[in-house]
Amino acid sequence: MHTDASMFKVRGLELSLPDFANKQPFGRAPMVDILKGLDFDIETGSVLGIVGGSGSGKSTLGRTLVRLLEPTAGSIVFEGSDIGHLDETGLRPLRRRLQMIFQDPMSSLNPRRRVGAIIADPLRIHDLDRIDERVDEALDHVGLPRAFRARYPHELSGGQRQRVGIARAIAMRPDFILADEIVSGLDVSSQAQVLNLLENLVRELGLTLAFISHDLSVIRRLCSQVLVLNRGTIVEYAPVEQIFDAPKSEYTRELLDAIPLPDPDQPGW
Amino acid sequence: MTAFLEIENLSAAIKGTPDRLLRSVSLHVNSGEVCGLVGESGAGKSMIGKAVLGILPSAVEIVEGQVRLDGEDLLAMPQRERRRLIGATAALIPQDPLTALNPSRRIGPQITDRLVDILGWTKHDARTRAAELLDEVHIENPQRVLASYPHELSGGMRQRVLIASAFAANPKLVIADEPTTALDVTVQKQILRLIREMQERHGTAMLFVTHDLGVVSKICQRLVVLFAGMVVEKAGVSDFYANPAHAYSKALLSATPKFTEPFTSLTPVDQTVISAVSEQVEAADREWRHAH
C-alpha cells in the first residue's frame, strides 16, 4: 500500500522526439532531446508550479506526467507504481484519476455539444453513476448556473468557457489535475476570477495540481513549490517564497524581471 | 505636438440594429506619442483600430462621428482616396504573428508587396529596404530570414518581422493590436523595447491596444480606458497609476497581478463597479437616442 506523502516521484525523466524539420528525404528523422533528465516530487495536496519560456519543455513535461506521451528514459512513480511505460490498457484505470485543463477553452470544448454533454461525456465513458447530479455539482463548484447545461460553448465568455473546462476535469473526481497555461488567454479580470476559483477548489476538494505557466506573477498566489525549466532541464526547484525572494538561478531572475508590473517606474525597463 | 489621429464622437453599430458597439468615442494620438487603449475582452478596443484603418467587419457600420488622419476626415472621403491615404500613412502590428503571415509564401515578398504595390517602389529597392528593416529590428542574417517561410521562425522572430513590415513605408501612425499577447514574458520584454525603439526613431504616432495594464505602463505616455465601447477615463500614465480616477479603472488595476505583493488576493472587477459603469453606459445610450 502506498503511504508516502508524494503522489508523484519523477526520477531521471528524459524524452526525445523525432525532429521532422531536419529530416532527410530518406531514413529516420534525427531525434531531439526535449526533457533532459528531470527529478522532482509532487506531494499529495500540493500545487506545483511549472514555469519556463516558450520551448522550455514545460507542456511536454505536463503531457508526460499524465502519460499522453511516453518517456524515453526514467521513471514516473504515481502512488507507488511506475506508470512511465504502461500500455493503453494499463493506463485506462488511471485516465479518470489524472485530468487535464487546457490552455485554449474554445478549441478544447466541442463546439457542437452543449455544456451539459461536454461535462457528462467523460463520466459516461468511465461508467460512473449519478451523472446528472455530478454535472450539477461540478457546475456549482465552478460557480456557473445549472441552466448553463443547455448552452453551447460559443454562447459563453472566455472566462466562463474556462470554468467549463475546470468543471469537466473536477467532475471526474480526479486525484491529480494538470492545468496547462489555463489563464494566459484571459483578460486580467477573468484571470483573477479563474485563479481565485482554482485556489478555492484546491482547498475545498483537496486537489493536487500542477500549474504550467510562462508568467510567474500568476504562480505566486497558488503554488507551494515551483519548478523552473529552461531548455529541458530544471534550473531551479524550490518553495515559492524562495523563488520570488531569493532566486538562485540567473534564468529565474530574468523571468521575474521580464514581468511588466503596473508601474511606470519599474526598474530594469 | 499636433494630433495626428483624431477620433471624434465615433459610434458604430451592427448594421440594422440600434445597439451601439462603439459609444461616442473621442480620442487623439499625437505624433511621436504612444497612447494606450485598454479594456477587457469585448470592450471594443480592436474595433476602434479597425475603424481607423477602414477594415471593420462588413456587418458593422459607423453611424456617427469623424476619424481624422493628419486633419483630413477619412469618413467624408471617397473610398479610393481614403484607402490610398491610409495605405500611405498608417500601418498595423497584428496580435497573432502566425495567422498574420501567409504560411505558403516566403517572408521577403510579404514585406515588399506593400512597398511595390501601393507605393510603387522597384522590386530591387523594396528588397534592399526589407533587409535594412530586418537589421533594424535586430534580426541577424536578414537575407536568410527574407528567404524563410513563417513556420521556420520562432514566435518572437515572426513578431519582429511584422514590426519591420509595419514600419516599412515610414508610416505616420501605427496601430499595435495586442502585439505581445501571444509571446512569453522574456520575449515580450524584448519586443516591447523594440517597438518603443522603432516608434521613437521614426517619431510615429502609435495607438497601442492591450488588456494588460502592466504593458501599458512600459510603453505608453497616455492611456484611454474603454468599457462596453465607451471611454470611461483618459489620463497620463504617471497620474493614472498613482491615482486612477474612475472606479472601473481602479478595479481593473487591482485585478492586475503584482508578484511583488504576495498575499494580496487578486480581486476580479467587482460586480457593483460593473453595474455602476453599466448604468453610466445606459444613461449615455438614452441621451444618444434622445438626440437622434
# chains A, B, ... in the order shown; residues from 1 in each chain; ligands from 1
>>> interface_residues(of="chain B", to="chain A", cutoff="10 Å", atoms="only C-alpha atoms", output="PyMOL selection string")
chain B and resi 39-42+151-152+154-156+181-190+192-193+210-221+237-242+251-270
>>> residues_around(residues="Lys123 of chain B", least_positions_apart="5", cutoff="12 Å", atoms="only C-alpha atoms", output="PyMOL selection string")
chain B and resi 108-109+111-117+128-130
>>> residues_around(residues="Asn30 of chain B", least_positions_apart="6", cutoff="9 Å", atoms="only C-alpha atoms", output="list in words")
Met1, Thr2, Ala3, Phe4, Leu5, Glu6, Thr204, Ala205 and Met206 of chain B
>>> residues_around(residues="segment 70-79 of chain A", least_positions_apart="4", cutoff="12 Å", atoms="only C-alpha atoms", output="number ranges by chain")
A: 1-18, 31-44, 60-66, 83-88, 91, 94, 97-98, 175-176
>>> atom_distance(atom1="atom CA of His202 of chain B", atom2="atom CA of Leu173 of chain B")
10.1 Å
>>> atom_distance(atom1="atom CA of Gly65 of chain B", atom2="atom CA of Glu8 of chain B")
5.6 Å
>>> residues_around(residues="Asn200 of chain A", least_positions_apart="6", cutoff="10 Å", atoms="only C-alpha atoms", output="ChimeraX atom specification")
/A:141-142,194,206-207,222
>>> residues_around(residues="Gln95 of chain B", least_positions_apart="3", cutoff="7 Å", atoms="only C-alpha atoms", output="list in words")
Asp177, Glu178, Pro179, Thr180 and Thr181 of chain B
>>> write_last_selection(atoms="C-alpha atoms", output="compact mmCIF listing (two decimals), in the first residue's frame")
# COMPACT_ATOMS: atom_id res chain seq x y z
CA ASP B 177 -3.24 45.42 -31.65
CA GLU B 178 -2.11 43.35 -28.62
CA PRO B 179 1.26 42.71 -30.29
CA THR B 180 2.77 40.80 -27.36
CA THR B 181 -0.19 38.79 -26.02
>>> atom_distance(atom1="atom CA of Met106 of chain A", atom2="atom CA of His154 of chain A")
7.8 Å
>>> select_by_dssp(residues="segment 22-193 of chain A", states="helix (DSSP H, G or I)", output="PyMOL selection string")
chain A and resi 22+58-65+88-95+105-108+115-125+131-141+146-150+153-155+158-171+188-193
>>> residues_around(residues="Pro105 of chain A", least_positions_apart="6", cutoff="9 Å", atoms="only C-alpha atoms", output="ChimeraX atom specification")
/A:153,158-159,161-165,182,185
>>> write_last_selection(atoms="N, CA and C atoms", output="PDB file, in the first residue's frame")
ATOM      1  N   PRO A 153     -20.700  26.229 -26.239  1.00  0.00           N
ATOM      2  CA  PRO A 153     -19.501  26.992 -25.873  1.00  0.00           C
ATOM      3  C   PRO A 153     -19.454  28.402 -26.469  1.00  0.00           C
ATOM      4  N   GLY A 158     -14.969  34.001 -22.467  1.00  0.00           N
ATOM      5  CA  GLY A 158     -13.725  33.245 -22.300  1.00  0.00           C
ATOM      6  C   GLY A 158     -13.571  32.675 -20.894  1.00  0.00           C
ATOM      7  N   GLY A 159     -13.882  33.501 -19.887  1.00  0.00           N
ATOM      8  CA  GLY A 159     -13.753  33.056 -18.507  1.00  0.00           C
ATOM      9  C   GLY A 159     -14.738  31.942 -18.179  1.00  0.00           C
ATOM     10  N   ARG A 161     -16.022  29.817 -20.359  1.00  0.00           N
ATOM     11  CA  ARG A 161     -15.569  28.610 -21.061  1.00  0.00           C
ATOM     12  C   ARG A 161     -14.497  27.905 -20.256  1.00  0.00           C
ATOM     13  N   GLN A 162     -13.584  28.700 -19.678  1.00  0.00           N
ATOM     14  CA  GLN A 162     -12.513  28.080 -18.919  1.00  0.00           C
ATOM     15  C   GLN A 162     -13.089  27.397 -17.674  1.00  0.00           C
ATOM     16  N   ARG A 163     -14.166  27.967 -17.111  1.00  0.00           N
ATOM     17  CA  ARG A 163     -14.834  27.313 -15.979  1.00  0.00           C
ATOM     18  C   ARG A 163     -15.430  25.974 -16.386  1.00  0.00           C
ATOM     19  N   VAL A 164     -15.960  25.913 -17.613  1.00  0.00           N
ATOM     20  CA  VAL A 164     -16.496  24.632 -18.085  1.00  0.00           C
ATOM     21  C   VAL A 164     -15.373  23.604 -18.166  1.00  0.00           C
ATOM     22  N   GLY A 165     -14.211  24.043 -18.662  1.00  0.00           N
ATOM     23  CA  GLY A 165     -13.050  23.145 -18.726  1.00  0.00           C
ATOM     24  C   GLY A 165     -12.679  22.632 -17.342  1.00  0.00           C
ATOM     25  N   ILE A 182      -3.706  27.844 -18.222  1.00  0.00           N
ATOM     26  CA  ILE A 182      -5.151  27.993 -18.365  1.00  0.00           C
ATOM     27  C   ILE A 182      -5.633  29.426 -18.255  1.00  0.00           C
ATOM     28  N   GLY A 185      -4.926  32.992 -21.872  1.00  0.00           N
ATOM     29  CA  GLY A 185      -5.775  33.547 -22.919  1.00  0.00           C
ATOM     30  C   GLY A 185      -6.852  34.483 -22.397  1.00  0.00           C
TER      31      GLY A 185
END
>>> select_by_dssp(residues="segment 159-240 of chain A", states="strand (DSSP E)", output="list of chain:residue names")
A:Phe176, A:Ile177, A:Leu178, A:Ala179, A:Asp180, A:Thr208, A:Leu209, A:Ala210, A:Phe211, A:Ile212, A:Ser213, A:Gln225, A:Val226, A:Leu227, A:Val228, A:Leu229, A:Asn230, A:Thr233, A:Ile234, A:Val235, A:Glu236, A:Tyr237, A:Ala238, A:Pro239
>>> write_last_selection(atoms="N, CA and C atoms", output="PDB file, in the first residue's frame")
ATOM      1  N   PHE A 176      -5.383  13.992  -9.502  1.00  0.00           N
ATOM      2  CA  PHE A 176      -4.381  14.952  -9.952  1.00  0.00           C
ATOM      3  C   PHE A 176      -4.916  15.704 -11.164  1.00  0.00           C
ATOM      4  N   ILE A 177      -4.684  17.041 -11.183  1.00  0.00           N
ATOM      5  CA  ILE A 177      -5.095  17.825 -12.349  1.00  0.00           C
ATOM      6  C   ILE A 177      -3.893  18.566 -12.895  1.00  0.00           C
ATOM      7  N   LEU A 178      -3.729  18.499 -14.210  1.00  0.00           N
ATOM      8  CA  LEU A 178      -2.694  19.280 -14.883  1.00  0.00           C
ATOM      9  C   LEU A 178      -3.367  20.476 -15.539  1.00  0.00           C
ATOM     10  N   ALA A 179      -2.961  21.681 -15.155  1.00  0.00           N
ATOM     11  CA  ALA A 179      -3.541  22.898 -15.719  1.00  0.00           C
ATOM     12  C   ALA A 179      -2.468  23.561 -16.580  1.00  0.00           C
ATOM     13  N   ASP A 180      -2.643  23.508 -17.908  1.00  0.00           N
ATOM     14  CA  ASP A 180      -1.598  23.973 -18.820  1.00  0.00           C
ATOM     15  C   ASP A 180      -1.926  25.377 -19.329  1.00  0.00           C
ATOM     16  N   THR A 208      -4.676  17.875  -5.911  1.00  0.00           N
ATOM     17  CA  THR A 208      -3.252  18.003  -6.193  1.00  0.00           C
ATOM     18  C   THR A 208      -3.150  18.517  -7.621  1.00  0.00           C
ATOM     19  N   LEU A 209      -2.300  19.529  -7.803  1.00  0.00           N
ATOM     20  CA  LEU A 209      -2.361  20.254  -9.065  1.00  0.00           C
ATOM     21  C   LEU A 209      -0.953  20.555  -9.569  1.00  0.00           C
ATOM     22  N   ALA A 210      -0.741  20.429 -10.872  1.00  0.00           N
ATOM     23  CA  ALA A 210       0.453  21.013 -11.483  1.00  0.00           C
ATOM     24  C   ALA A 210      -0.027  22.135 -12.376  1.00  0.00           C
ATOM     25  N   PHE A 211       0.547  23.321 -12.194  1.00  0.00           N
ATOM     26  CA  PHE A 211       0.061  24.514 -12.868  1.00  0.00           C
ATOM     27  C   PHE A 211       1.177  25.047 -13.761  1.00  0.00           C
ATOM     28  N   ILE A 212       0.996  24.903 -15.074  1.00  0.00           N
ATOM     29  CA  ILE A 212       2.033  25.327 -16.018  1.00  0.00           C
ATOM     30  C   ILE A 212       1.779  26.768 -16.431  1.00  0.00           C
ATOM     31  N   SER A 213       2.821  27.609 -16.407  1.00  0.00           N
ATOM     32  CA  SER A 213       2.630  28.987 -16.851  1.00  0.00           C
ATOM     33  C   SER A 213       3.959  29.584 -17.285  1.00  0.00           C
ATOM     34  N   GLN A 225       5.243  24.824  -4.387  1.00  0.00           N
ATOM     35  CA  GLN A 225       6.578  24.566  -4.922  1.00  0.00           C
ATOM     36  C   GLN A 225       6.621  25.055  -6.362  1.00  0.00           C
ATOM     37  N   VAL A 226       7.776  25.495  -6.810  1.00  0.00           N
ATOM     38  CA  VAL A 226       7.905  25.937  -8.199  1.00  0.00           C
ATOM     39  C   VAL A 226       9.105  25.253  -8.829  1.00  0.00           C
ATOM     40  N   LEU A 227       8.886  24.810 -10.070  1.00  0.00           N
ATOM     41  CA  LEU A 227       9.941  24.172 -10.834  1.00  0.00           C
ATOM     42  C   LEU A 227      10.199  25.063 -12.050  1.00  0.00           C
ATOM     43  N   VAL A 228      11.410  25.591 -12.161  1.00  0.00           N
ATOM     44  CA  VAL A 228      11.721  26.461 -13.294  1.00  0.00           C
ATOM     45  C   VAL A 228      12.493  25.658 -14.324  1.00  0.00           C
ATOM     46  N   LEU A 229      11.979  25.665 -15.549  1.00  0.00           N
ATOM     47  CA  LEU A 229      12.522  24.824 -16.603  1.00  0.00           C
ATOM     48  C   LEU A 229      13.144  25.702 -17.685  1.00  0.00           C
ATOM     49  N   ASN A 230      14.335  25.337 -18.151  1.00  0.00           N
ATOM     50  CA  ASN A 230      14.923  26.032 -19.282  1.00  0.00           C
ATOM     51  C   ASN A 230      15.600  25.008 -20.179  1.00  0.00           C
ATOM     52  N   THR A 233      15.893  21.332 -18.908  1.00  0.00           N
ATOM     53  CA  THR A 233      16.498  20.954 -17.633  1.00  0.00           C
ATOM     54  C   THR A 233      15.927  21.838 -16.530  1.00  0.00           C
ATOM     55  N   ILE A 234      15.951  21.311 -15.304  1.00  0.00           N
ATOM     56  CA  ILE A 234      15.453  22.086 -14.173  1.00  0.00           C
ATOM     57  C   ILE A 234      16.544  23.060 -13.745  1.00  0.00           C
ATOM     58  N   VAL A 235      16.286  24.356 -13.798  1.00  0.00           N
ATOM     59  CA  VAL A 235      17.297  25.303 -13.346  1.00  0.00           C
ATOM     60  C   VAL A 235      17.062  25.708 -11.897  1.00  0.00           C
ATOM     61  N   GLU A 236      15.822  25.526 -11.427  1.00  0.00           N
ATOM     62  CA  GLU A 236      15.560  25.819 -10.031  1.00  0.00           C
ATOM     63  C   GLU A 236      14.297  25.082  -9.612  1.00  0.00           C
ATOM     64  N   TYR A 237      14.328  24.515  -8.404  1.00  0.00           N
ATOM     65  CA  TYR A 237      13.197  23.750  -7.890  1.00  0.00           C
ATOM     66  C   TYR A 237      13.143  24.056  -6.402  1.00  0.00           C
ATOM     67  N   ALA A 238      12.210  24.914  -5.994  1.00  0.00           N
ATOM     68  CA  ALA A 238      12.254  25.434  -4.632  1.00  0.00           C
ATOM     69  C   ALA A 238      10.858  25.863  -4.189  1.00  0.00           C
ATOM     70  N   PRO A 239      10.683  26.079  -2.878  1.00  0.00           N
ATOM     71  CA  PRO A 239       9.418  26.632  -2.397  1.00  0.00           C
ATOM     72  C   PRO A 239       9.171  28.001  -3.019  1.00  0.00           C
TER      73      PRO A 239
END
>>> closest_residue(among="A:Leu123, A:Phe20, A:Phe102, A:Gln160", to="Gly143 of chain A", atoms="only C-alpha atoms")
A:Gln160
>>> closest_residue(among="B:Gln79, B:Ser249, B:Gln110, B:Ser11", to="Lys234 of chain B", atoms="only C-alpha atoms")
B:Ser249
